>>> print(open('data_13.cif').read())   # mmCIF, C-alpha atoms
data_my_file
loop_
_atom_site.label_atom_id
_atom_site.label_comp_id
_atom_site.auth_asym_id
_atom_site.auth_seq_id
_atom_site.Cartn_x
_atom_site.Cartn_y
_atom_site.Cartn_z
CA MET A 27 -34.42 -87.80 -48.07
CA GLU A 28 -31.95 -85.32 -49.57
CA ALA A 29 -29.54 -83.47 -47.31
CA ASP A 30 -30.26 -79.80 -46.63
CA SER A 31 -28.39 -77.91 -49.34
CA ARG A 32 -28.74 -74.48 -47.75
CA PRO A 33 -25.37 -72.91 -46.86
CA PRO A 34 -24.67 -72.68 -43.11
CA PHE A 35 -24.70 -69.45 -41.12
CA ARG A 36 -21.20 -68.78 -39.82
CA VAL A 37 -20.13 -66.79 -36.78
CA MET A 38 -16.50 -65.66 -36.54
CA LEU A 39 -15.16 -64.62 -33.16
CA ARG A 40 -11.73 -63.02 -32.77
CA MET A 41 -10.42 -63.55 -29.24
CA GLU A 42 -7.40 -61.90 -27.65
CA ILE A 43 -6.13 -63.98 -24.73
CA HIS A 44 -4.18 -62.81 -21.70
CA PRO A 45 -0.51 -63.88 -22.05
CA GLY A 46 0.30 -67.10 -20.25
CA ARG A 47 -3.29 -68.41 -20.32
CA ARG A 48 -3.23 -70.33 -23.61
CA GLN A 49 -3.38 -73.89 -22.26
CA GLU A 50 -6.15 -73.09 -19.78
CA PHE A 51 -8.09 -71.26 -22.45
CA GLU A 52 -7.79 -74.07 -25.01
CA ARG A 53 -8.86 -76.66 -22.46
CA THR A 54 -11.87 -74.59 -21.39
CA TRP A 55 -12.81 -73.84 -24.98
CA ARG A 56 -12.88 -77.56 -25.83
CA GLN A 57 -15.26 -78.16 -22.92
CA VAL A 58 -17.50 -75.27 -24.01
CA ALA A 59 -17.39 -76.41 -27.64
CA ALA A 60 -18.43 -79.92 -26.68
CA GLY A 61 -21.59 -78.48 -25.14
CA ILE A 62 -22.34 -76.32 -28.17
CA ALA A 63 -21.85 -79.34 -30.44
CA ARG A 64 -24.86 -80.97 -28.76
CA GLU A 65 -27.11 -78.15 -30.00
CA PRO A 66 -29.29 -79.64 -32.80
CA ALA A 67 -28.70 -76.65 -35.09
CA ASN A 68 -24.93 -76.52 -34.64
CA ARG A 69 -22.99 -77.53 -37.74
CA GLY A 70 -19.47 -77.56 -36.34
CA GLN A 71 -16.80 -75.38 -34.72
CA THR A 72 -13.15 -74.65 -35.37
CA LEU A 73 -10.55 -73.00 -33.14
CA VAL A 74 -7.49 -71.54 -34.89
CA ARG A 75 -4.59 -69.55 -33.51
CA SER A 76 -2.90 -66.67 -35.32
CA ALA A 77 0.57 -67.49 -36.62
CA GLU A 78 1.55 -63.84 -36.05
CA ASP A 79 0.35 -63.48 -32.45
CA GLU A 80 0.07 -66.56 -30.25
CA ASN A 81 -2.43 -64.81 -28.00
CA VAL A 82 -4.96 -64.21 -30.79
CA TYR A 83 -7.48 -66.93 -31.65
CA TYR A 84 -10.34 -67.19 -34.14
CA VAL A 85 -13.41 -69.30 -33.42
CA LEU A 86 -15.54 -70.29 -36.42
CA THR A 87 -18.97 -71.69 -35.56
CA ASP A 88 -21.53 -72.84 -38.15
CA TRP A 89 -25.28 -72.95 -37.63
CA ALA A 90 -28.18 -74.22 -39.71
CA ASP A 91 -29.46 -70.66 -40.09
CA GLU A 92 -29.38 -67.27 -38.43
CA LEU A 93 -32.51 -67.88 -36.35
CA SER A 94 -30.89 -70.93 -34.76
CA PHE A 95 -27.83 -68.91 -33.80
CA ARG A 96 -29.83 -65.95 -32.46
CA THR A 97 -31.93 -68.31 -30.34
CA PHE A 98 -28.81 -69.89 -28.88
CA GLU A 99 -27.23 -66.45 -28.35
CA LEU A 100 -30.07 -65.54 -25.97
CA SER A 101 -29.96 -68.83 -24.06
CA GLU A 102 -28.68 -69.38 -20.54
CA ALA A 103 -26.16 -71.86 -21.95
CA HIS A 104 -24.55 -69.13 -24.04
CA VAL A 105 -24.38 -66.75 -21.07
CA GLU A 106 -22.66 -69.51 -19.06
CA ASN A 107 -20.18 -70.16 -21.87
CA ARG A 108 -19.23 -66.48 -22.00
CA ARG A 109 -18.79 -66.48 -18.23
CA ARG A 110 -16.40 -69.44 -18.41
CA LEU A 111 -14.29 -67.93 -21.18
CA GLN A 112 -14.28 -64.34 -19.95
CA PRO A 113 -11.33 -64.72 -17.49
CA PHE A 114 -9.03 -65.61 -20.38
CA ARG A 115 -10.07 -62.80 -22.74
CA SER A 116 -8.44 -59.41 -23.02
CA GLY A 117 -10.41 -58.32 -26.08
CA GLY A 118 -11.78 -59.26 -29.47
CA GLU A 119 -14.85 -58.95 -31.66
CA MET A 120 -17.58 -61.10 -33.17
CA VAL A 121 -18.65 -61.01 -36.81
CA VAL A 122 -21.64 -62.88 -38.18
CA THR A 123 -21.30 -64.10 -41.75
CA GLU A 124 -23.29 -66.20 -44.15
CA THR A 125 -21.67 -68.62 -46.56
CA VAL A 126 -22.74 -67.80 -50.10
CA TYR A 127 -20.93 -70.65 -51.83
CA GLU A 128 -17.85 -72.77 -51.39
CA VAL A 129 -15.49 -73.92 -54.14
CA PRO A 130 -13.94 -77.35 -53.48
CA PRO A 131 -10.31 -78.01 -54.47
CA ALA A 132 -9.85 -79.05 -58.08
CA PRO A 133 -9.13 -82.76 -58.68
CA ALA A 134 -5.42 -83.54 -58.89
CA ALA A 135 -5.66 -84.38 -62.59
CA SER A 136 -7.22 -81.02 -63.33
CA ARG A 137 -4.42 -79.17 -61.56
CA ASP A 138 -1.87 -80.81 -63.82
CA GLU A 139 -3.60 -79.78 -67.01
CA ALA A 140 -2.35 -76.70 -68.79
CA PRO A 141 -4.74 -73.73 -68.52
CA THR A 142 -6.64 -72.89 -71.66
CA ALA A 143 -6.68 -69.37 -73.04
CA ALA A 144 -9.82 -67.36 -72.40
CA ALA A 145 -11.98 -66.65 -75.40
CA PRO A 146 -12.51 -63.02 -76.42
CA GLY A 147 -15.35 -61.53 -74.40
CA ASP A 148 -14.94 -63.98 -71.49
CA ASP A 149 -14.89 -62.48 -68.00
CA ALA A 150 -11.41 -63.91 -67.48
CA ALA A 151 -10.20 -62.04 -70.56
CA ALA A 152 -11.82 -58.81 -69.37
CA ALA A 153 -10.25 -58.82 -65.91
CA PRO A 154 -7.52 -61.41 -65.35
CA ALA A 155 -6.62 -62.12 -61.73
CA THR A 156 -3.14 -60.72 -62.25
CA GLU A 157 -4.10 -57.48 -64.02
CA PRO A 158 -1.65 -54.73 -62.95
CA LEU A 159 -3.41 -52.21 -60.72
CA ALA A 160 -2.67 -48.85 -59.18
CA PHE A 161 -3.85 -48.07 -55.64
CA VAL A 162 -3.85 -44.55 -54.21
CA GLY A 163 -4.57 -43.87 -50.54
CA LEU A 164 -3.11 -46.28 -47.98
CA GLY A 165 -4.88 -45.41 -44.76
CA ASN A 166 -6.33 -48.08 -42.48
CA MET A 167 -8.89 -49.26 -45.03
CA GLY A 168 -6.90 -48.54 -48.16
CA GLY A 169 -3.81 -50.25 -46.81
CA GLY A 170 -5.85 -53.32 -45.87
CA MET A 171 -7.46 -53.53 -49.30
CA ALA A 172 -4.10 -53.11 -51.03
CA HIS A 173 -2.61 -55.96 -48.98
CA ARG A 174 -5.57 -58.14 -49.92
CA LEU A 175 -5.08 -57.49 -53.64
CA LEU A 176 -1.37 -58.30 -53.37
CA GLU A 177 -2.12 -61.57 -51.61
CA ALA A 178 -4.58 -62.43 -54.40
CA GLY A 179 -1.78 -62.19 -56.95
CA HIS A 180 -2.26 -58.74 -58.45
CA ALA A 181 0.75 -56.73 -59.56
CA LEU A 182 0.21 -53.54 -57.58
CA THR A 183 1.71 -50.06 -57.83
CA VAL A 184 0.87 -47.90 -54.81
CA HIS A 185 1.20 -44.29 -53.76
CA ASN A 186 0.38 -42.45 -50.56
CA ARG A 187 0.91 -38.85 -49.53
CA THR A 188 2.66 -40.10 -46.38
CA ALA A 189 5.31 -42.34 -47.90
CA ALA A 190 5.88 -44.35 -44.70
CA LYS A 191 2.45 -45.96 -45.06
CA ALA A 192 3.61 -47.60 -48.29
CA ALA A 193 6.58 -49.34 -46.66
CA PRO A 194 4.70 -52.49 -45.47
CA LEU A 195 3.24 -52.91 -48.95
CA ALA A 196 6.67 -52.56 -50.52
CA GLU A 197 7.89 -55.36 -48.25
CA ALA A 198 4.91 -57.45 -49.40
CA GLY A 199 5.84 -56.99 -53.06
CA ALA A 200 4.13 -53.80 -54.23
CA THR A 201 5.87 -51.22 -56.37
CA VAL A 202 5.92 -47.83 -54.66
CA ALA A 203 5.54 -44.89 -57.04
CA ALA A 204 7.19 -41.59 -56.22
CA SER A 205 4.23 -39.61 -57.57
CA LEU A 206 0.57 -39.99 -58.36
CA ALA A 207 1.23 -39.66 -62.07
CA GLU A 208 3.85 -42.39 -61.93
CA ALA A 209 1.46 -44.72 -60.10
CA ALA A 210 -1.41 -44.22 -62.55
CA LYS A 211 0.37 -43.74 -65.87
CA GLY A 212 -1.00 -46.09 -68.51
CA ARG A 213 -3.09 -48.10 -66.03
CA SER A 214 -6.45 -49.47 -67.09
CA VAL A 215 -7.67 -49.84 -63.49
CA VAL A 216 -6.90 -47.58 -60.52
CA LEU A 217 -8.39 -47.79 -57.02
CA LEU A 218 -8.84 -44.78 -54.74
CA SER A 219 -9.31 -44.76 -50.97
CA LEU A 220 -9.21 -41.10 -49.99
CA ALA A 221 -10.44 -39.09 -47.03
CA ASP A 222 -12.83 -36.60 -48.61
CA GLU A 223 -14.00 -34.82 -51.73
CA ALA A 224 -11.14 -32.32 -51.67
CA ALA A 225 -8.65 -35.19 -51.74
CA VAL A 226 -10.51 -36.92 -54.58
CA GLU A 227 -10.59 -33.68 -56.56
CA GLU A 228 -6.88 -33.05 -56.09
CA VAL A 229 -5.80 -36.63 -56.77
CA LEU A 230 -8.23 -37.79 -59.44
CA PHE A 231 -8.76 -34.68 -61.51
CA GLY A 232 -5.53 -32.95 -60.60
CA GLN A 233 -3.07 -35.70 -61.49
CA VAL A 234 -4.50 -39.15 -62.18
CA ALA A 235 -7.18 -38.82 -64.87
CA ASP A 236 -4.84 -37.28 -67.43
CA VAL A 237 -2.39 -40.20 -67.41
CA LEU A 238 -4.70 -43.24 -67.32
CA ALA A 239 -5.06 -45.55 -70.30
CA PRO A 240 -7.99 -44.72 -72.63
CA GLY A 241 -11.22 -46.21 -71.28
CA ALA A 242 -9.68 -46.93 -67.87
CA VAL A 243 -11.89 -47.71 -64.87
CA VAL A 244 -11.56 -45.76 -61.62
CA ILE A 245 -12.77 -47.83 -58.65
CA ASP A 246 -13.48 -45.19 -56.01
CA THR A 247 -13.97 -46.44 -52.45
CA SER A 248 -13.82 -42.92 -50.95
CA THR A 249 -16.86 -41.72 -49.02
CA VAL A 250 -18.22 -38.63 -50.77
CA SER A 251 -21.63 -37.02 -51.18
CA PRO A 252 -24.05 -38.56 -53.67
CA ALA A 253 -24.05 -35.31 -55.68
CA TYR A 254 -20.26 -35.33 -55.96
CA ALA A 255 -20.32 -39.03 -56.90
CA ARG A 256 -22.64 -38.26 -59.79
CA GLU A 257 -20.50 -35.31 -60.81
CA CYS A 258 -17.34 -37.42 -60.81
CA ALA A 259 -18.92 -40.08 -63.00
CA ALA A 260 -20.06 -37.48 -65.53
CA ARG A 261 -16.70 -35.68 -65.62
CA LEU A 262 -14.78 -38.91 -66.10
CA ALA A 263 -17.16 -40.02 -68.84
CA GLY A 264 -16.42 -36.75 -70.60
CA ARG A 265 -12.76 -37.79 -70.68
CA GLY A 266 -13.56 -41.27 -71.98
CA LEU A 267 -12.98 -42.84 -68.55
CA ARG A 268 -15.28 -44.94 -66.36
CA ARG A 269 -16.09 -44.69 -62.65
CA VAL A 270 -17.21 -47.57 -60.44
CA GLU A 271 -18.56 -46.36 -57.12
CA ALA A 272 -17.49 -49.02 -54.61
CA CYS A 273 -18.46 -48.02 -51.08
CA VAL A 274 -17.03 -50.44 -48.54
CA VAL A 275 -18.40 -51.33 -45.11
CA GLY A 276 -16.27 -53.04 -42.49
CA ASN A 277 -13.11 -52.51 -40.49
CA PRO A 278 -9.38 -52.69 -41.36
CA PHE A 279 -9.19 -56.34 -40.24
CA GLN A 280 -11.94 -57.26 -42.68
CA ALA A 281 -10.31 -55.17 -45.42
CA ARG A 282 -7.09 -57.16 -45.02
CA GLU A 283 -8.99 -60.46 -45.11
CA GLY A 284 -11.24 -59.64 -48.08
CA LYS A 285 -14.36 -59.71 -45.89
CA LEU A 286 -15.77 -56.26 -46.55
CA ARG A 287 -19.26 -55.60 -47.80
CA VAL A 288 -18.98 -53.73 -51.09
CA TYR A 289 -21.87 -51.66 -52.45
CA THR A 290 -21.51 -50.55 -56.05
CA SER A 291 -23.08 -47.95 -58.31
CA GLY A 292 -22.54 -47.14 -61.95
CA ASP A 293 -22.71 -48.90 -65.28
CA GLU A 294 -23.22 -52.64 -64.86
CA GLY A 295 -20.80 -53.39 -67.68
CA ASP A 296 -18.05 -51.41 -65.94
CA ILE A 297 -18.77 -53.23 -62.68
CA ALA A 298 -18.64 -56.61 -64.42
CA ARG A 299 -15.30 -55.66 -65.95
CA VAL A 300 -13.74 -55.25 -62.49
CA GLY A 301 -15.93 -57.88 -60.79
CA GLY A 302 -12.98 -60.11 -59.92
CA ILE A 303 -11.29 -57.25 -58.09
CA LEU A 304 -14.44 -56.42 -56.14
CA ASP A 305 -14.93 -60.09 -55.23
CA THR A 306 -11.36 -60.16 -53.91
CA LEU A 307 -12.10 -57.24 -51.61
CA GLY A 308 -15.54 -58.24 -50.39
CA ALA A 309 -17.32 -61.23 -48.96
CA GLN A 310 -20.45 -59.58 -50.32
CA VAL A 311 -20.78 -57.35 -53.40
CA VAL A 312 -24.15 -55.69 -54.00
CA HIS A 313 -25.00 -53.51 -57.00
CA LEU A 314 -27.45 -50.72 -56.17
CA GLY A 315 -27.96 -48.79 -59.38
CA ALA A 316 -27.12 -45.37 -60.79
CA PRO A 317 -24.17 -43.22 -59.63
CA GLY A 318 -24.73 -41.82 -56.16
CA THR A 319 -26.88 -44.64 -54.78
CA ALA A 320 -23.98 -46.46 -53.13
CA ALA A 321 -22.77 -43.17 -51.62
CA THR A 322 -26.24 -42.61 -50.18
CA LEU A 323 -26.31 -46.04 -48.53
CA LYS A 324 -22.78 -45.60 -47.15
CA LEU A 325 -23.77 -42.30 -45.55
CA ILE A 326 -26.86 -43.94 -44.06
CA PHE A 327 -24.66 -46.63 -42.50
CA ASN A 328 -22.39 -43.96 -41.03
CA LEU A 329 -25.38 -42.05 -39.67
CA LEU A 330 -26.34 -45.21 -37.78
CA LEU A 331 -22.75 -45.73 -36.63
CA GLY A 332 -22.47 -42.19 -35.32
CA ALA A 333 -25.80 -42.45 -33.52
CA GLN A 334 -24.84 -45.73 -31.86
CA VAL A 335 -21.46 -44.45 -30.70
CA ALA A 336 -23.04 -41.26 -29.31
CA SER A 337 -25.82 -43.19 -27.56
CA LEU A 338 -23.34 -45.62 -26.02
CA ALA A 339 -21.14 -42.74 -24.83
CA GLU A 340 -24.07 -40.99 -23.16
CA ALA A 341 -25.38 -44.18 -21.57
CA VAL A 342 -21.98 -45.03 -20.12
CA ALA A 343 -21.43 -41.48 -18.88
CA TYR A 344 -24.76 -41.69 -17.05
CA GLY A 345 -23.95 -45.11 -15.61
CA VAL A 346 -20.53 -44.05 -14.33
CA ALA A 347 -21.98 -40.89 -12.77
CA ALA A 348 -24.58 -43.07 -11.04
CA GLY A 349 -21.86 -45.23 -9.51
CA LEU A 350 -21.51 -48.20 -11.88
CA ASP A 351 -18.11 -49.62 -12.66
CA ARG A 352 -17.15 -48.46 -16.15
CA ASP A 353 -15.56 -51.73 -17.32
CA ARG A 354 -18.39 -53.84 -15.96
CA LEU A 355 -20.97 -51.57 -17.55
CA LEU A 356 -19.33 -51.67 -20.99
CA THR A 357 -18.94 -55.45 -20.81
CA SER A 358 -22.57 -55.87 -19.78
CA VAL A 359 -23.78 -53.72 -22.66
CA ALA A 360 -21.59 -55.62 -25.13
CA GLU A 361 -22.94 -58.97 -23.91
CA SER A 362 -26.58 -57.91 -23.83
CA GLY A 363 -29.35 -58.42 -26.34
CA PHE A 364 -29.31 -54.64 -26.91
CA SER A 365 -25.86 -54.83 -28.45
CA SER A 366 -24.74 -55.13 -32.05
CA VAL A 367 -21.46 -55.83 -33.84
CA VAL A 368 -20.81 -52.08 -33.87
CA LEU A 369 -21.60 -51.61 -30.20
CA ARG A 370 -19.50 -54.59 -29.14
CA PHE A 371 -16.52 -53.35 -31.12
CA ARG A 372 -16.79 -49.75 -29.87
CA ALA A 373 -17.51 -50.84 -26.29
CA GLU A 374 -14.23 -52.77 -26.29
CA LEU A 375 -12.31 -49.73 -27.54
CA MET A 376 -13.96 -47.60 -24.85
CA ARG A 377 -13.21 -50.19 -22.17
CA LYS A 378 -9.52 -50.20 -23.10
CA GLY A 379 -9.34 -46.49 -23.90
CA ALA A 380 -7.78 -47.65 -27.18
CA TYR A 381 -8.47 -44.71 -29.46
CA GLU A 382 -5.22 -44.74 -31.42
CA PRO A 383 -4.58 -45.86 -34.04
CA ALA A 384 -8.11 -45.02 -35.11
CA PHE A 385 -10.36 -47.51 -36.86
CA PHE A 386 -12.57 -44.61 -37.95
CA ARG A 387 -11.32 -41.11 -37.21
CA SER A 388 -13.60 -38.59 -35.52
CA THR A 389 -12.87 -36.08 -38.31
CA LEU A 390 -14.23 -38.54 -40.88
CA MET A 391 -17.26 -39.29 -38.72
CA GLU A 392 -18.17 -35.60 -38.53
CA LYS A 393 -17.52 -35.19 -42.25
CA ASP A 394 -19.79 -38.09 -43.20
CA LEU A 395 -22.56 -36.93 -40.87
CA ARG A 396 -22.32 -33.47 -42.42
CA LEU A 397 -22.52 -34.87 -45.95
CA ALA A 398 -25.54 -37.01 -45.05
CA LEU A 399 -27.34 -34.12 -43.37
CA GLY A 400 -26.76 -31.93 -46.41
CA ASP A 401 -28.02 -34.56 -48.82
CA ALA A 402 -31.05 -35.30 -46.64
CA ALA A 403 -31.87 -31.58 -46.53
CA VAL A 404 -31.87 -31.47 -50.34
CA ALA A 405 -34.33 -34.39 -50.25
CA GLY A 406 -36.49 -32.47 -47.79
CA VAL A 407 -35.84 -34.81 -44.84
CA PRO A 408 -34.81 -33.13 -41.55
CA LEU A 409 -32.55 -35.20 -39.26
CA PRO A 410 -32.52 -33.30 -35.94
CA VAL A 411 -31.24 -36.19 -33.80
CA LEU A 412 -28.32 -36.87 -36.12
CA ASP A 413 -27.56 -33.16 -36.43
CA SER A 414 -27.06 -33.16 -32.67
CA VAL A 415 -24.71 -36.13 -33.02
CA ARG A 416 -22.72 -34.27 -35.68
CA GLU A 417 -22.31 -31.33 -33.29
CA ARG A 418 -20.91 -33.68 -30.67
CA PHE A 419 -18.24 -34.96 -33.04
CA ALA A 420 -17.47 -31.43 -34.18
CA GLY A 421 -16.71 -30.68 -30.53
CA VAL A 422 -14.34 -33.66 -30.37
CA ASN A 423 -12.49 -32.34 -33.41
CA GLU A 424 -12.31 -28.81 -32.05
CA ALA A 425 -10.81 -30.21 -28.84
CA GLY A 426 -7.94 -31.72 -30.82
CA ASP A 427 -9.02 -35.38 -30.87
CA GLY A 428 -10.08 -35.56 -34.50
CA ASP A 429 -7.45 -38.13 -35.42
CA LYS A 430 -8.58 -40.48 -32.64
CA ASP A 431 -11.22 -43.16 -33.12
CA ALA A 432 -14.81 -41.97 -32.93
CA SER A 433 -15.13 -43.95 -29.70
CA VAL A 434 -13.17 -41.17 -27.94
CA LEU A 435 -16.50 -39.34 -27.81
CA LEU A 436 -17.02 -41.18 -24.52
CA GLU A 437 -14.20 -39.27 -22.82
CA HIS A 438 -15.62 -35.94 -23.97
CA THR A 439 -19.12 -36.93 -22.86
CA VAL A 440 -17.90 -37.95 -19.40
CA HIS A 441 -15.80 -34.79 -19.08
CA SER A 442 -18.71 -32.62 -20.20
CA GLY A 443 -20.99 -34.24 -17.64
CA ARG A 444 -18.48 -33.65 -14.83
CA SER A 445 -18.02 -30.03 -15.86
CA GLU A 446 -21.77 -29.37 -15.87
CA ALA A 447 -22.20 -31.10 -12.51
CA ALA A 448 -19.43 -28.97 -10.98
CA SER A 449 -20.84 -25.68 -12.29
#
>>> encode(input="data_13.cif", output="structure tokens")
Amino acid sequence: MEADSRPPFRVMLRMEIHPGRRQEFERTWRQVAAGIAREPANRGQTLVRSAEDENVYYVLTDWADELSFRTFELSEAHVENRRRLQPFRSGGEMVVTETVYEVPPAPAASRDEAPTAAAPGDDAAAAPATEPLAFVGLGNMGGGMAHRLLEAGHALTVHNRTAAKAAPLAEAGATVAASLAEAAKGRSVVLLSLADEAAVEEVLFGQVADVLAPGAVVIDTSTVSPAYARECAARLAGRGLRRVEACVVGNPFQAREGKLRVYTSGDEGDIARVGGILDTLGAQVVHLGAPGTAATLKLIFNLLLGAQVASLAEAVAYGVAAGLDRDRLLTSVAESGFSSVVLRFRAELMRKGAYEPAFFRSTLMEKDLRLALGDAAVAGVPLPVLDSVRERFAGVNEAGDGDKDASVLLEHTVHSGRSEAAS
């Protein structure tokens, strides 16, 4: 009988441990892991500790398939395991992944052989791993992606409006350009990670497009409206340039580790040309079709994110007003079957009150909700629930908390509830 060739389903758990509890935690984890190892569908577990922070651990657990993991996740054994490990934890997040393929190390003899030149037309010739790139926009996501490209061996020239954000990349080996034109001049590939359409307009069409190499590809990871995405592609084509719409889903940690989900739109030949770059950034790269389709899906994701954050904030505000302990309530929600990766992550930020630095700023949340509502209206689809959510985030911005993480909505919801109760 042949062995099951299906790739395993992998769960990655990032755990922050209270200082001084490492030995107790490691001992308890080994005991818990031994029990999980007896599960028929378990395919192995690994505990690793960060070399940069001794109180940060990563647990990698493989399962035969997602159903096996989800079944275990709802079991009493899993609840007991979480109870045993909880005293050591100060934070963290869980990410579920699925192995697509694994590449084994090359045999020693092969490593010693000289590399052969790529034939004309080969993918390697079209986009070598070390192709010099320009990267503009080094916020949380952009900075993470730029670090990832550097670590993959790309020669990288970077620029950011706030120069201080480029300093860590300079230390990692990037060339910091004094201007946008200097960063993009003569480049055949440039990546953008900008806040909104106004920034894209100013950067791309104001300074970058005129200095790129003929036929250059612009990989735009900025979140813009589908209509503007289509407009950008057409305007660049008119200049003899190409646009790859590469909408990314994930958080800054995943950006740094190359574990984003990347959704692309545009010409398939253009996407193939920069396929190696996209694969470096994402654990999953999915092509959706014509310009604007990836932007539409990204806005849909952010509609769901905004709705979940708003729902969690209202639920917690109600629970606290009814007398529940806030920390216990947030932990219970995060550990329940009603949770999700998004809810667990945001619940932890709410529990800690850790809204700065922001993983996703409230200003960007309101902007994306507004773009989605506008595009849905053009399609003739009213979104009254999500319009209400947008108004909530607009209130957060008007109160001066726009640069804080969207999770800060909880504080405004609680405050609003207290104010109404007192009036």
>>> axis_aligned_box(input="data_13.cif", around="region 382-399 of chain A", padding_each_side="8 Å", output="AutoDock Vina command-line options")
--center_x -16.0 --center_y -40.5 --center_z -38.7 --size_x 38.8 --size_y 30.0 --size_z 30.5
>>> atom_distance(input="data_13.cif", atom1="CA of Ser205 (chain A)", atom2="CA of Asn166 (chain A)")
20.3 Å
>>> residues_around(input="data_13.cif", residues="region 222-233 of chain A", least_positions_apart="2", cutoff="12 Å", atoms="only C-alpha atoms", output="PDB file with C-alpha atoms, in the frame of the given file")
ATOM      1  CA  PHE A 161      -3.850 -48.070 -55.640  1.00  0.00           C
ATOM      2  CA  VAL A 162      -3.850 -44.550 -54.210  1.00  0.00           C
ATOM      3  CA  GLY A 163      -4.570 -43.870 -50.540  1.00  0.00           C
ATOM      4  CA  HIS A 185       1.200 -44.290 -53.760  1.00  0.00           C
ATOM      5  CA  ASN A 186       0.380 -42.450 -50.560  1.00  0.00           C
ATOM      6  CA  ARG A 187       0.910 -38.850 -49.530  1.00  0.00           C
ATOM      7  CA  SER A 205       4.230 -39.610 -57.570  1.00  0.00           C
ATOM      8  CA  LEU A 206       0.570 -39.990 -58.360  1.00  0.00           C
ATOM      9  CA  ALA A 207       1.230 -39.660 -62.070  1.00  0.00           C
ATOM     10  CA  GLU A 208       3.850 -42.390 -61.930  1.00  0.00           C
ATOM     11  CA  ALA A 209       1.460 -44.720 -60.100  1.00  0.00           C
ATOM     12  CA  ALA A 210      -1.410 -44.220 -62.550  1.00  0.00           C
ATOM     13  CA  LYS A 211       0.370 -43.740 -65.870  1.00  0.00           C
ATOM     14  CA  VAL A 216      -6.900 -47.580 -60.520  1.00  0.00           C
ATOM     15  CA  LEU A 217      -8.390 -47.790 -57.020  1.00  0.00           C
ATOM     16  CA  LEU A 218      -8.840 -44.780 -54.740  1.00  0.00           C
ATOM     17  CA  SER A 219      -9.310 -44.760 -50.970  1.00  0.00           C
ATOM     18  CA  LEU A 220      -9.210 -41.100 -49.990  1.00  0.00           C
ATOM     19  CA  ALA A 235      -7.180 -38.820 -64.870  1.00  0.00           C
ATOM     20  CA  ASP A 236      -4.840 -37.280 -67.430  1.00  0.00           C
ATOM     21  CA  VAL A 237      -2.390 -40.200 -67.410  1.00  0.00           C
ATOM     22  CA  LEU A 238      -4.700 -43.240 -67.320  1.00  0.00           C
ATOM     23  CA  VAL A 243     -11.890 -47.710 -64.870  1.00  0.00           C
ATOM     24  CA  VAL A 244     -11.560 -45.760 -61.620  1.00  0.00           C
ATOM     25  CA  ILE A 245     -12.770 -47.830 -58.650  1.00  0.00           C
ATOM     26  CA  ASP A 246     -13.480 -45.190 -56.010  1.00  0.00           C
ATOM     27  CA  THR A 247     -13.970 -46.440 -52.450  1.00  0.00           C
ATOM     28  CA  SER A 248     -13.820 -42.920 -50.950  1.00  0.00           C
ATOM     29  CA  THR A 249     -16.860 -41.720 -49.020  1.00  0.00           C
ATOM     30  CA  VAL A 250     -18.220 -38.630 -50.770  1.00  0.00           C
ATOM     31  CA  SER A 251     -21.630 -37.020 -51.180  1.00  0.00           C
ATOM     32  CA  PRO A 252     -24.050 -38.560 -53.670  1.00  0.00           C
ATOM     33  CA  ALA A 253     -24.050 -35.310 -55.680  1.00  0.00           C
ATOM     34  CA  TYR A 254     -20.260 -35.330 -55.960  1.00  0.00           C
ATOM     35  CA  ALA A 255     -20.320 -39.030 -56.900  1.00  0.00           C
ATOM     36  CA  GLU A 257     -20.500 -35.310 -60.810  1.00  0.00           C
ATOM     37  CA  CYS A 258     -17.340 -37.420 -60.810  1.00  0.00           C
ATOM     38  CA  ALA A 259     -18.920 -40.080 -63.000  1.00  0.00           C
ATOM     39  CA  ARG A 261     -16.700 -35.680 -65.620  1.00  0.00           C
ATOM     40  CA  LEU A 262     -14.780 -38.910 -66.100  1.00  0.00           C
ATOM     41  CA  ARG A 265     -12.760 -37.790 -70.680  1.00  0.00           C
ATOM     42  CA  LEU A 267     -12.980 -42.840 -68.550  1.00  0.00           C
ATOM     43  CA  ARG A 269     -16.090 -44.690 -62.650  1.00  0.00           C
ATOM     44  CA  THR A 389     -12.870 -36.080 -38.310  1.00  0.00           C
ATOM     45  CA  LEU A 390     -14.230 -38.540 -40.880  1.00  0.00           C
ATOM     46  CA  MET A 391     -17.260 -39.290 -38.720  1.00  0.00           C
ATOM     47  CA  GLU A 392     -18.170 -35.600 -38.530  1.00  0.00           C
ATOM     48  CA  LYS A 393     -17.520 -35.190 -42.250  1.00  0.00           C
ATOM     49  CA  ASP A 394     -19.790 -38.090 -43.200  1.00  0.00           C
ATOM     50  CA  ARG A 396     -22.320 -33.470 -42.420  1.00  0.00           C
ATOM     51  CA  LEU A 397     -22.520 -34.870 -45.950  1.00  0.00           C
TER      52      LEU A 397
END
>>> resolve_selection(input="data_13.cif", expression="the PyMOL selection byres ((chain A and resi 344) around 12)", output="JSON, numbers by chain")
{"A": [337, 338, 339, 340, 341, 342, 343, 345, 346, 347, 348, 349, 350, 351, 352, 355, 436, 439, 440, 441, 442, 443, 444, 447]}
>>> atom_distance(input="data_13.cif", atom1="CA of Ser414 (chain A)", atom2="CA of Arg256 (chain A)")
27.9 Å
>>> residues_near_point(input="data_13.cif", point="(-18.0, -59.0, -47.5)", cutoff="6 Å", atoms="only C-alpha atoms", output="PyMOL selection string")
chain A and resi 285-287+308-310
